[in-house]
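Student: Got a structure for you, work30.cif, holding mmCIF, C-alpha atoms.
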data_work
loop_
_atom_site.group_PDB
_atom_site.id
_atom_site.type_symbol
_atom_site.label_atom_id
_atom_site.label_comp_id
_atom_site.auth_asym_id
_atom_site.auth_seq_id
_atom_site.Cartn_x
_atom_site.Cartn_y
_atom_site.Cartn_z
ATOM 1 C CA MET A 130 -15.357 13.908 -19.017
ATOM 2 C CA THR A 131 -14.542 10.464 -17.637
ATOM 3 C CA VAL A 132 -12.423 10.420 -14.494
ATOM 4 C CA PRO A 133 -10.862 7.179 -13.216
ATOM 5 C CA VAL A 134 -11.979 6.128 -9.741
ATOM 6 C CA ALA A 135 -9.887 4.308 -7.142
ATOM 7 C CA LEU A 136 -10.867 3.079 -3.688
ATOM 8 C CA THR A 137 -8.717 2.984 -0.570
ATOM 9 C CA ILE A 138 -9.654 0.752 2.364
ATOM 10 C CA ALA A 139 -7.419 1.769 5.230
ATOM 11 C CA GLY A 140 -7.011 3.560 8.545
ATOM 12 C CA SER A 141 -7.110 7.291 9.148
ATOM 13 C CA ASP A 142 -3.842 9.032 10.112
ATOM 14 C CA SER A 143 -4.440 12.251 12.056
ATOM 15 C CA GLY A 144 -1.010 13.478 10.962
ATOM 16 C CA ALA A 145 -2.088 12.904 7.331
ATOM 17 C CA GLY A 146 1.228 11.424 6.265
ATOM 18 C CA ALA A 147 -0.004 7.861 5.794
ATOM 19 C CA GLY A 148 -3.240 5.886 5.599
ATOM 20 C CA ILE A 149 -6.412 7.216 4.029
ATOM 21 C CA GLN A 150 -5.068 10.762 3.833
ATOM 22 C CA ALA A 151 -1.895 9.782 1.965
ATOM 23 C CA ASP A 152 -3.863 7.526 -0.375
ATOM 24 C CA LEU A 153 -6.374 10.200 -1.338
ATOM 25 C CA LYS A 154 -3.616 12.754 -1.930
ATOM 26 C CA THR A 155 -1.781 10.254 -4.113
ATOM 27 C CA PHE A 156 -4.906 9.481 -6.139
ATOM 28 C CA ALA A 157 -5.453 13.211 -6.666
ATOM 29 C CA ALA A 158 -1.853 13.678 -7.794
ATOM 30 C CA PHE A 159 -2.485 11.107 -10.526
ATOM 31 C CA GLY A 160 -5.748 12.741 -11.598
ATOM 32 C CA VAL A 161 -7.800 9.894 -10.119
ATOM 33 C CA TYR A 162 -10.969 10.431 -8.075
ATOM 34 C CA GLY A 163 -10.548 8.735 -4.727
ATOM 35 C CA VAL A 164 -13.245 7.154 -2.568
ATOM 36 C CA SER A 165 -12.592 5.597 0.811
ATOM 37 C CA VAL A 166 -13.550 3.038 3.423
ATOM 38 C CA ILE A 167 -12.092 3.892 6.827
ATOM 39 C CA THR A 168 -11.213 0.829 8.920
ATOM 40 C CA ALA A 169 -9.750 2.540 11.987
ATOM 41 C CA ILE A 170 -9.131 5.952 13.510
ATOM 42 C CA THR A 171 -5.615 6.526 14.781
ATOM 43 C CA ALA A 172 -4.306 9.346 16.945
ATOM 44 C CA GLN A 173 -0.802 9.781 15.617
ATOM 45 C CA ASN A 174 1.826 12.211 14.410
ATOM 46 C CA THR A 175 5.350 11.877 13.047
ATOM 47 C CA LEU A 176 6.570 10.576 16.437
ATOM 48 C CA GLY A 177 4.183 7.674 16.923
ATOM 49 C CA VAL A 178 0.711 6.243 17.390
ATOM 50 C CA ARG A 179 -1.058 7.311 20.593
ATOM 51 C CA ALA A 180 -4.395 5.558 20.233
ATOM 52 C CA VAL A 181 -6.320 3.335 17.801
ATOM 53 C CA GLN A 182 -10.087 2.892 17.520
ATOM 54 C CA GLU A 183 -11.188 0.138 15.149
ATOM 55 C CA ILE A 184 -14.353 0.931 13.204
ATOM 56 C CA ASP A 185 -17.330 -1.394 13.717
ATOM 57 C CA VAL A 186 -17.328 -4.032 10.987
ATOM 58 C CA GLY A 187 -20.943 -3.250 10.119
ATOM 59 C CA VAL A 188 -19.963 0.345 9.401
ATOM 60 C CA ILE A 189 -16.970 -0.836 7.347
ATOM 61 C CA SER A 190 -19.251 -3.031 5.244
ATOM 62 C CA ALA A 191 -21.775 -0.199 4.864
ATOM 63 C CA GLN A 192 -19.048 2.186 3.644
ATOM 64 C CA LEU A 193 -17.870 -0.367 1.098
ATOM 65 C CA ASP A 194 -21.399 -1.027 -0.143
ATOM 66 C CA ALA A 195 -22.122 2.696 -0.407
ATOM 67 C CA VAL A 196 -19.160 3.545 -2.624
ATOM 68 C CA ALA A 197 -19.218 0.324 -4.677
ATOM 69 C CA GLU A 198 -22.897 0.753 -5.538
ATOM 70 C CA ASP A 199 -22.465 4.333 -6.748
ATOM 71 C CA PHE A 200 -18.976 4.701 -8.260
ATOM 72 C CA PRO A 201 -17.236 2.858 -11.125
ATOM 73 C CA ILE A 202 -14.251 1.668 -9.119
ATOM 74 C CA GLY A 203 -11.393 0.929 -11.497
ATOM 75 C CA ALA A 204 -8.921 -0.302 -8.865
ATOM 76 C CA LEU A 205 -8.586 -0.483 -5.111
ATOM 77 C CA LYS A 206 -5.990 -0.832 -2.415
ATOM 78 C CA THR A 207 -6.023 -2.000 1.176
ATOM 79 C CA GLY A 208 -3.877 -0.652 3.968
ATOM 80 C CA MET A 209 -4.430 -0.972 7.709
ATOM 81 C CA LEU A 210 -6.776 -3.889 8.426
ATOM 82 C CA SER A 211 -6.118 -4.441 12.092
ATOM 83 C CA SER A 212 -8.072 -7.605 12.921
ATOM 84 C CA THR A 213 -9.463 -10.820 11.508
ATOM 85 C CA SER A 214 -13.026 -9.491 11.661
ATOM 86 C CA VAL A 215 -12.070 -6.385 9.666
ATOM 87 C CA ILE A 216 -10.251 -8.473 7.055
ATOM 88 C CA ASP A 217 -13.262 -10.780 6.760
ATOM 89 C CA ALA A 218 -15.626 -7.820 6.248
ATOM 90 C CA VAL A 219 -13.376 -6.339 3.575
ATOM 91 C CA VAL A 220 -12.911 -9.645 1.755
ATOM 92 C CA ASP A 221 -16.655 -10.266 1.771
ATOM 93 C CA GLY A 222 -17.303 -6.782 0.364
ATOM 94 C CA ILE A 223 -14.706 -7.147 -2.385
ATOM 95 C CA ARG A 224 -16.235 -10.467 -3.393
ATOM 96 C CA ARG A 225 -19.806 -9.175 -3.131
ATOM 97 C CA HIS A 226 -19.134 -6.296 -5.512
ATOM 98 C CA GLU A 227 -16.667 -8.215 -7.701
ATOM 99 C CA LEU A 228 -14.062 -5.472 -7.374
ATOM 100 C CA ARG A 229 -10.951 -5.911 -9.491
ATOM 101 C CA HIS A 230 -7.356 -4.705 -9.635
ATOM 102 C CA LEU A 231 -6.709 -5.071 -5.908
ATOM 103 C CA VAL A 232 -3.408 -3.805 -4.494
ATOM 104 C CA VAL A 233 -2.705 -5.221 -1.031
ATOM 105 C CA ASP A 234 -0.318 -3.223 1.130
ATOM 106 C CA PRO A 235 0.109 -5.659 4.054
ATOM 107 C CA VAL A 236 0.452 -3.000 6.752
ATOM 108 C CA MET A 237 1.757 -4.586 9.932
ATOM 109 C CA VAL A 238 3.844 -1.986 11.762
ATOM 110 C CA ALA A 239 3.868 1.825 11.619
ATOM 111 C CA LYS A 240 7.065 3.709 10.766
ATOM 112 C CA SER A 241 7.316 4.551 14.480
ATOM 113 C CA GLY A 242 7.358 0.836 15.345
ATOM 114 C CA ASP A 243 3.775 0.677 16.623
ATOM 115 C CA ARG A 244 1.984 -2.541 15.646
ATOM 116 C CA LEU A 245 -1.050 -2.010 13.373
ATOM 117 C CA LEU A 246 -2.000 -5.638 12.628
ATOM 118 C CA ARG A 247 -2.813 -8.071 15.405
ATOM 119 C CA GLU A 248 -0.698 -11.210 15.314
ATOM 120 C CA ASP A 249 -3.774 -13.428 15.108
ATOM 121 C CA ALA A 250 -4.911 -11.574 11.971
ATOM 122 C CA VAL A 251 -1.848 -12.455 9.894
ATOM 123 C CA ALA A 252 -3.370 -15.800 8.913
ATOM 124 C CA ALA A 253 -6.549 -14.092 7.675
ATOM 125 C CA LEU A 254 -4.472 -11.649 5.646
ATOM 126 C CA ARG A 255 -2.452 -14.488 4.161
ATOM 127 C CA ASP A 256 -5.307 -16.918 3.546
ATOM 128 C CA ARG A 257 -8.296 -14.698 2.653
ATOM 129 C CA LEU A 258 -7.142 -11.335 1.297
ATOM 130 C CA ILE A 259 -3.930 -12.080 -0.564
ATOM 131 C CA PRO A 260 -5.589 -14.639 -2.907
ATOM 132 C CA LEU A 261 -7.726 -11.755 -4.250
ATOM 133 C CA ALA A 262 -4.742 -9.502 -4.981
ATOM 134 C CA GLU A 263 -3.467 -8.452 -8.371
ATOM 135 C CA VAL A 264 -0.336 -7.371 -6.547
ATOM 136 C CA VAL A 265 0.935 -7.410 -2.956
ATOM 137 C CA THR A 266 3.479 -4.736 -1.933
ATOM 138 C CA PRO A 267 5.355 -5.849 1.213
ATOM 139 C CA ASN A 268 8.536 -4.326 2.555
ATOM 140 C CA ILE A 269 11.256 -6.736 3.651
ATOM 141 C CA PRO A 270 9.946 -7.401 7.204
ATOM 142 C CA GLU A 271 6.385 -7.883 5.924
ATOM 143 C CA ALA A 272 7.580 -10.239 3.176
ATOM 144 C CA GLU A 273 9.448 -12.280 5.779
ATOM 145 C CA VAL A 274 6.241 -12.715 7.793
ATOM 146 C CA LEU A 275 4.098 -13.566 4.765
ATOM 147 C CA ALA A 276 6.638 -15.956 3.226
ATOM 148 C CA ARG A 277 7.765 -17.373 6.590
ATOM 149 C CA ARG A 278 11.463 -17.025 5.795
ATOM 150 C CA SER A 279 14.323 -14.590 6.353
ATOM 151 C CA ILE A 280 15.451 -12.279 3.556
ATOM 152 C CA ARG A 281 19.072 -11.188 3.199
ATOM 153 C CA THR A 282 19.816 -11.335 -0.532
ATOM 154 C CA ILE A 283 18.172 -10.725 -3.904
ATOM 155 C CA GLU A 284 17.753 -14.482 -4.223
ATOM 156 C CA ASP A 285 15.972 -14.545 -0.854
ATOM 157 C CA ARG A 286 13.571 -11.857 -2.079
ATOM 158 C CA VAL A 287 12.760 -13.801 -5.226
ATOM 159 C CA SER A 288 12.183 -16.955 -3.186
ATOM 160 C CA ALA A 289 9.917 -15.063 -0.779
ATOM 161 C CA GLY A 290 8.055 -13.531 -3.702
ATOM 162 C CA LYS A 291 7.357 -16.960 -5.145
ATOM 163 C CA ALA A 292 6.096 -18.126 -1.755
ATOM 164 C CA ILE A 293 3.664 -15.189 -1.664
ATOM 165 C CA LEU A 294 2.534 -16.000 -5.216
ATOM 166 C CA ALA A 295 1.794 -19.504 -3.975
ATOM 167 C CA LEU A 296 -0.724 -17.957 -1.565
ATOM 168 C CA GLY A 297 -2.787 -16.924 -4.589
ATOM 169 C CA ALA A 298 -1.612 -13.419 -5.476
ATOM 170 C CA GLN A 299 -1.061 -12.673 -9.155
ATOM 171 C CA ALA A 300 2.095 -10.655 -8.481
ATOM 172 C CA VAL A 301 4.196 -9.245 -5.647
ATOM 173 C CA VAL A 302 6.500 -6.240 -5.364
ATOM 174 C CA ILE A 303 9.051 -6.745 -2.603
ATOM 175 C CA LYS A 304 10.396 -3.300 -1.789
ATOM 176 C CA GLY A 305 14.057 -2.761 -0.987
ATOM 177 C CA GLY A 306 13.879 0.356 1.149
ATOM 178 C CA HIS A 307 14.666 -1.495 4.405
ATOM 179 C CA LEU A 308 17.996 -2.698 3.040
ATOM 180 C CA GLU A 309 21.110 -0.498 2.937
ATOM 181 C CA GLU A 310 21.672 -0.814 -0.789
ATOM 182 C CA ASP A 311 22.004 2.199 -3.081
ATOM 183 C CA PRO A 312 20.295 2.375 -5.481
ATOM 184 C CA VAL A 313 17.132 1.008 -3.878
ATOM 185 C CA SER A 314 15.845 -2.026 -5.751
ATOM 186 C CA ASP A 315 12.179 -3.038 -5.880
ATOM 187 C CA LEU A 316 11.403 -6.434 -7.407
ATOM 188 C CA LEU A 317 8.177 -7.179 -9.285
ATOM 189 C CA ILE A 318 7.724 -10.938 -9.271
ATOM 190 C CA ASP A 319 5.032 -12.876 -11.131
ATOM 191 C CA VAL A 320 4.651 -16.107 -13.066
ATOM 192 C CA ASN A 321 6.555 -14.583 -15.985
ATOM 193 C CA GLY A 322 9.672 -13.791 -13.982
ATOM 194 C CA VAL A 323 11.293 -10.878 -12.156
ATOM 195 C CA GLU A 324 11.456 -7.207 -13.124
ATOM 196 C CA GLU A 325 13.676 -4.800 -11.212
ATOM 197 C CA PHE A 326 12.920 -1.119 -10.579
ATOM 198 C CA ARG A 327 15.853 0.945 -9.294
ATOM 199 C CA ALA A 328 15.982 4.409 -7.785
ATOM 200 C CA PRO A 329 18.694 6.394 -5.980
ATOM 201 C CA ARG A 330 18.485 6.165 -2.195
ATOM 202 C CA ILE A 331 17.365 9.511 -0.772
ATOM 203 C CA ALA A 332 18.846 10.515 2.580
ATOM 204 C CA THR A 333 15.864 11.839 4.523
ATOM 205 C CA THR A 334 13.917 11.236 7.732
ATOM 206 C CA SER A 335 10.689 12.184 5.921
ATOM 207 C CA THR A 336 9.635 8.626 5.197
ATOM 208 C CA HIS A 337 6.244 8.385 6.926
ATOM 209 C CA GLY A 338 3.685 6.896 4.556
ATOM 210 C CA THR A 339 6.050 5.609 1.878
ATOM 211 C CA GLY A 340 4.338 2.210 1.710
ATOM 212 C CA CYS A 341 0.852 3.719 1.587
ATOM 213 C CA THR A 342 1.908 6.184 -1.090
ATOM 214 C CA PHE A 343 3.622 3.572 -3.255
ATOM 215 C CA SER A 344 0.678 1.161 -3.180
ATOM 216 C CA ALA A 345 -1.815 3.987 -3.777
ATOM 217 C CA ALA A 346 0.196 5.130 -6.789
ATOM 218 C CA ILE A 347 0.075 1.612 -8.229
ATOM 219 C CA ALA A 348 -3.708 1.517 -7.697
ATOM 220 C CA ALA A 349 -4.028 4.920 -9.398
ATOM 221 C CA GLY A 350 -2.086 3.624 -12.379
ATOM 222 C CA LEU A 351 -4.235 0.497 -12.633
ATOM 223 C CA ALA A 352 -7.428 2.569 -12.351
ATOM 224 C CA SER A 353 -6.158 4.731 -15.213
ATOM 225 C CA GLY A 354 -5.653 1.705 -17.456
ATOM 226 C CA ALA A 355 -1.912 1.091 -17.085
ATOM 227 C CA ASP A 356 -0.638 -2.464 -17.013
ATOM 228 C CA LEU A 357 0.993 -3.621 -13.785
ATOM 229 C CA SER A 358 4.607 -3.102 -14.881
ATOM 230 C CA ALA A 359 3.892 0.454 -16.031
ATOM 231 C CA ALA A 360 1.922 1.188 -12.848
ATOM 232 C CA VAL A 361 4.817 0.008 -10.672
ATOM 233 C CA GLY A 362 7.326 2.040 -12.685
ATOM 234 C CA GLN A 363 5.192 5.186 -12.382
ATOM 235 C CA ALA A 364 4.738 4.577 -8.653
ATOM 236 C CA ARG A 365 8.491 4.213 -8.133
ATOM 237 C CA GLU A 366 9.162 7.489 -9.969
ATOM 238 C CA TYR A 367 6.439 9.309 -8.039
ATOM 239 C CA LEU A 368 7.627 8.019 -4.660
ATOM 240 C CA SER A 369 11.202 9.152 -5.326
ATOM 241 C CA ALA A 370 9.980 12.635 -6.258
ATOM 242 C CA ALA A 371 7.715 12.852 -3.197
ATOM 243 C CA LEU A 372 10.645 11.863 -0.962
ATOM 244 C CA SER A 373 13.012 14.328 -2.614
ATOM 245 C CA ASP A 374 10.579 17.225 -2.135
ATOM 246 C CA ALA A 375 9.405 16.297 1.385
ATOM 247 C CA PRO A 376 8.360 19.423 3.336
ATOM 248 C CA GLN A 377 10.403 18.640 6.488
ATOM 249 C CA LEU A 378 7.422 18.755 8.848
ATOM 250 C CA GLY A 379 7.194 17.242 12.321
ATOM 251 C CA HIS A 380 9.805 16.098 14.827
ATOM 252 C CA GLY A 381 9.965 12.436 13.816
ATOM 253 C CA HIS A 382 9.440 10.568 10.543
ATOM 254 C CA GLY A 383 7.942 13.376 8.480
ATOM 255 C CA PRO A 384 5.429 13.191 5.609
ATOM 256 C CA LEU A 385 6.142 13.178 1.887
ATOM 257 C CA ASN A 386 5.223 15.860 -0.635
ATOM 258 C CA HIS A 387 2.329 14.205 -2.439
ATOM 259 C CA PHE A 388 1.922 17.129 -4.807
ATOM 260 C CA THR A 389 5.547 17.390 -5.855
ATOM 261 C CA ARG A 390 6.133 19.069 -9.208
ATOM 262 C CA ARG A 391 9.158 16.881 -9.789
ATOM 263 C CA SER A 392 7.055 13.875 -10.862
ATOM 264 C CA SER A 393 5.606 13.792 -14.363
ATOM 265 C CA HIS A 394 2.479 12.190 -12.869
ATOM 266 C CA ALA A 395 1.710 14.899 -10.308
ATOM 267 C CA VAL A 396 -1.104 17.371 -10.885
ATOM 268 C CA ARG A 397 0.169 20.604 -12.434
#
The structure given in the file should be rewritten as structure tokens.
Tutor:
Amino acid sequence: MTVPVALTIAGSDSGAGAGIQADLKTFAAFGVYGVSVITAITAQNTLGVRAVQEIDVGVISAQLDAVAEDFPIGALKTGMLSSTSVIDAVVDGIRRHELRHLVVDPVMVAKSGDRLLREDAVAALRDRLIPLAEVVTPNIPEAEVLARRSIRTIEDRVSAGKAILALGAQAVVIKGGHLEEDPVSDLLIDVNGVEEFRAPRIATTSTHGTGCTFSAAIAAGLASGADLSAAVGQAREYLSAALSDAPQLGHGHGPLNHFTRRSSHAVR
């Protein structure tokens, strides 16, 4: 039996709604074996981040070497990479092992508003990591930072997407969740044009880890052999189901239901 393998390189969330924990649950829901490289330990829950301890870059590199030398990694995603030195270690490891099908979730701020990427690391993210990406998955605020422009309209999103492509990424999905529109519209932008993925807006406060989950679902699809458009479509469907069936835990932005039965891609 051959099982697809996907790698997540991200921070640990003690509340398990986002980060490494959300990624591994998402991989499992798609029937993909997940391996991990932990870049930081966070003390957090649905209300906010209380403390962050960045992992030593030597240990980050050792984790990456260990999994890449032993597992057939079909795709990978990055999440919280808090500093320039961490980004450099990750980029060097990806290049060293010639890992492919990279999904970059440019995590900058937690759902609670706590900053997870140092301001001086944005340039490293833009200049070193994004050129390796098969797809980058920013929300609206992240796309504004990466593209260095404000986004108010669909046309603005397309323009920002093209600016991110100019950084070297093969494709970008600019998510529409931060806008007020219903249905929510996610735009996949690449050299061939723009593809729109729509989904009804779900009224819920259980939105912690949506970006992690969406990018992990894309990576799971790529690891399983789907093309990018199909992987994004599957991820959009899965995210909507996980939001709809959220377990209503915590007193703030609660977690999703990563093992929802509503999605055709969840484990049954």
Student: Could you pull the residues within 10 Å of A:Glu248, counting all atoms listed in the file, minus those fewer than 5 positions along the same chain, as a ChimeraX atom specification?
Tutor: /A:211-213,237
Student: Using only C-alpha atoms, can you tell me which of A:Leu210, A:Val134, A:Ile331, A:Val251 comes closest to A:Ala348?
Tutor: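 With only C-alpha atoms as the atom set, the closest residue is A:Val134.
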Student: Mind pulling up the distance from atom CA of A:Ala135 to atom CA of A:Ile184?
Tutor: 21.1 Å
Student: Would you mind telling me which residue in A:Ala332, A:Ala218, A:Ala298, A:Met130 lies nearest to A:Asp374 when using all atoms listed in the file?
Tutor: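 Counting all atoms listed in the file, the residue closest to A:Asp374 is A:Ala332.
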Student: Could you tell me which residues the PyMOL selection byres ((chain A and resi 262) around 10) returns for this structure, as a JSON list (two decimals) with C-alpha atoms, in the frame of the given file?
Tutor:
[["chain", "number", "residue", "atom", "x", "y", "z"],
["A", 205, "LEU", "CA", -8.59, -0.48, -5.11],
["A", 206, "LYS", "CA", -5.99, -0.83, -2.42],
["A", 207, "THR", "CA", -6.02, -2.00, 1.18],
["A", 229, "ARG", "CA", -10.95, -5.91, -9.49],
["A", 230, "HIS", "CA", -7.36, -4.70, -9.64],
["A", 231, "LEU", "CA", -6.71, -5.07, -5.91],
["A", 232, "VAL", "CA", -3.41, -3.80, -4.49],
["A", 233, "VAL", "CA", -2.70, -5.22, -1.03],
["A", 234, "ASP", "CA", -0.32, -3.22, 1.13],
["A", 257, "ARG", "CA", -8.30, -14.70, 2.65],
["A", 258, "LEU", "CA", -7.14, -11.34, 1.30],
["A", 259, "ILE", "CA", -3.93, -12.08, -0.56],
["A", 260, "PRO", "CA", -5.59, -14.64, -2.91],
["A", 261, "LEU", "CA", -7.73, -11.76, -4.25],
["A", 263, "GLU", "CA", -3.47, -8.45, -8.37],
["A", 264, "VAL", "CA", -0.34, -7.37, -6.55],
["A", 265, "VAL", "CA", 0.94, -7.41, -2.96],
["A", 266, "THR", "CA", 3.48, -4.74, -1.93],
["A", 294, "LEU", "CA", 2.53, -16.00, -5.22],
["A", 296, "LEU", "CA", -0.72, -17.96, -1.56],
["A", 297, "GLY", "CA", -2.79, -16.92, -4.59],
["A", 298, "ALA", "CA", -1.61, -13.42, -5.48],
["A", 299, "GLN", "CA", -1.06, -12.67, -9.15],
["A", 300, "ALA", "CA", 2.10, -10.66, -8.48],
["A", 301, "VAL", "CA", 4.20, -9.24, -5.65]]
Student: Identify, on the basis of only C-alpha atoms, every residue whose closest approach to A:Asp152 does not exceed 8 Å; exclude the query and any residue fewer than 3 positions from it along the same chain; express the result as a list in words.
Tutor: Thr137, Ala147, Gly148, Ile149, Thr155, Phe156, Cys341, Thr342, Ala345 and Ala346 of chain A
Student: Can you work out the spacing between atom CA of A:Ile280 and atom CA of A:Val313 in Å, to one decimal?
Tutor: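 Separation between atom CA of A:Ile280 and atom CA of A:Val313: 15.3 Å.
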Student: Work out how far atom CA of A:Lys154 is from atom CA of A:Gly383, in Å to one decimal.
Tutor: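 Here the two named atoms are 15.6 Å from each other.
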Student: Since I can't run it myself right now, could you work out what the PyMOL selection byres ((chain A and resi 329) around 12) selects here and report it as a list in words?
Tutor: Gly305, Gly306, Glu309, Glu310, Asp311, Pro312, Val313, Ser314, Asp315, Phe326, Arg327, Ala328, Arg330, Ile331, Ala332, Arg365, Glu366, Leu368, Ser369, Ala370, Leu372 and Ser373 of chain A
Student: Would you kindly place N, CA and C atoms on stretch 323-346 of chain A and return the model as an mmCIF file, in the frame of the given file?
Tutor:
data_model
loop_
_atom_site.group_PDB
_atom_site.id
_atom_site.type_symbol
_atom_site.label_atom_id
_atom_site.label_comp_id
_atom_site.auth_asym_id
_atom_site.auth_seq_id
_atom_site.Cartn_x
_atom_site.Cartn_y
_atom_site.Cartn_z
ATOM 1 N N VAL A 323 10.948 -11.950 -13.093
ATOM 2 C CA VAL A 323 11.293 -10.878 -12.156
ATOM 3 C C VAL A 323 11.668 -9.631 -12.940
ATOM 4 N N GLU A 324 11.103 -8.495 -12.543
ATOM 5 C CA GLU A 324 11.456 -7.207 -13.124
ATOM 6 C C GLU A 324 11.932 -6.302 -12.012
ATOM 7 N N GLU A 325 13.070 -5.642 -12.242
ATOM 8 C CA GLU A 325 13.676 -4.800 -11.212
ATOM 9 C C GLU A 325 13.436 -3.319 -11.517
ATOM 10 N N PHE A 326 13.101 -2.568 -10.477
ATOM 11 C CA PHE A 326 12.920 -1.119 -10.579
ATOM 12 C C PHE A 326 13.906 -0.478 -9.599
ATOM 13 N N ARG A 327 14.819 0.333 -10.131
ATOM 14 C CA ARG A 327 15.853 0.945 -9.294
ATOM 15 C C ARG A 327 15.634 2.441 -9.164
ATOM 16 N N ALA A 328 16.055 2.968 -8.022
ATOM 17 C CA ALA A 328 15.982 4.409 -7.785
ATOM 18 C C ALA A 328 17.070 4.785 -6.792
ATOM 19 N N PRO A 329 17.670 5.965 -6.941
ATOM 20 C CA PRO A 329 18.694 6.394 -5.980
ATOM 21 C C PRO A 329 18.120 6.465 -4.565
ATOM 22 N N ARG A 330 18.917 6.054 -3.587
ATOM 23 C CA ARG A 330 18.485 6.165 -2.195
ATOM 24 C C ARG A 330 18.532 7.633 -1.781
ATOM 25 N N ILE A 331 17.467 8.114 -1.174
ATOM 26 C CA ILE A 331 17.365 9.511 -0.772
ATOM 27 C C ILE A 331 17.553 9.605 0.735
ATOM 28 N N ALA A 332 18.548 10.363 1.157
ATOM 29 C CA ALA A 332 18.846 10.515 2.580
ATOM 30 C C ALA A 332 17.864 11.497 3.190
ATOM 31 N N THR A 333 16.879 10.997 3.912
ATOM 32 C CA THR A 333 15.864 11.839 4.523
ATOM 33 C C THR A 333 15.198 11.093 5.668
ATOM 34 N N THR A 334 14.724 11.833 6.660
ATOM 35 C CA THR A 334 13.917 11.236 7.732
ATOM 36 C C THR A 334 12.431 11.367 7.420
ATOM 37 N N SER A 335 12.097 11.998 6.313
ATOM 38 C CA SER A 335 10.689 12.184 5.921
ATOM 39 C C SER A 335 10.224 10.981 5.120
ATOM 40 N N THR A 336 9.985 9.887 5.838
ATOM 41 C CA THR A 336 9.635 8.626 5.197
ATOM 42 C C THR A 336 8.298 8.064 5.668
ATOM 43 N N HIS A 337 7.538 8.861 6.421
ATOM 44 C CA HIS A 337 6.244 8.385 6.926
ATOM 45 C C HIS A 337 5.240 8.276 5.774
ATOM 46 N N GLY A 338 4.677 7.090 5.609
ATOM 47 C CA GLY A 338 3.685 6.896 4.556
ATOM 48 C C GLY A 338 4.234 6.454 3.221
ATOM 49 N N THR A 339 5.486 6.032 3.165
ATOM 50 C CA THR A 339 6.050 5.609 1.878
ATOM 51 C C THR A 339 5.319 4.387 1.325
ATOM 52 N N GLY A 340 5.022 3.414 2.186
ATOM 53 C CA GLY A 340 4.338 2.210 1.710
ATOM 54 C C GLY A 340 2.934 2.496 1.233
ATOM 55 N N CYS A 341 2.209 3.329 1.985
ATOM 56 C CA CYS A 341 0.852 3.719 1.587
ATOM 57 C C CYS A 341 0.881 4.440 0.244
ATOM 58 N N THR A 342 1.807 5.374 0.122
ATOM 59 C CA THR A 342 1.908 6.184 -1.090
ATOM 60 C C THR A 342 2.256 5.337 -2.302
ATOM 61 N N PHE A 343 3.203 4.433 -2.144
ATOM 62 C CA PHE A 343 3.622 3.572 -3.255
ATOM 63 C C PHE A 343 2.469 2.691 -3.722
ATOM 64 N N SER A 344 1.779 2.054 -2.792
ATOM 65 C CA SER A 344 0.678 1.161 -3.180
ATOM 66 C C SER A 344 -0.491 1.949 -3.765
ATOM 67 N N ALA A 345 -0.748 3.151 -3.230
ATOM 68 C CA ALA A 345 -1.815 3.987 -3.777
ATOM 69 C C ALA A 345 -1.477 4.436 -5.201
ATOM 70 N N ALA A 346 -0.214 4.730 -5.448
ATOM 71 C CA ALA A 346 0.196 5.130 -6.789
ATOM 72 C C ALA A 346 0.027 3.990 -7.788
#
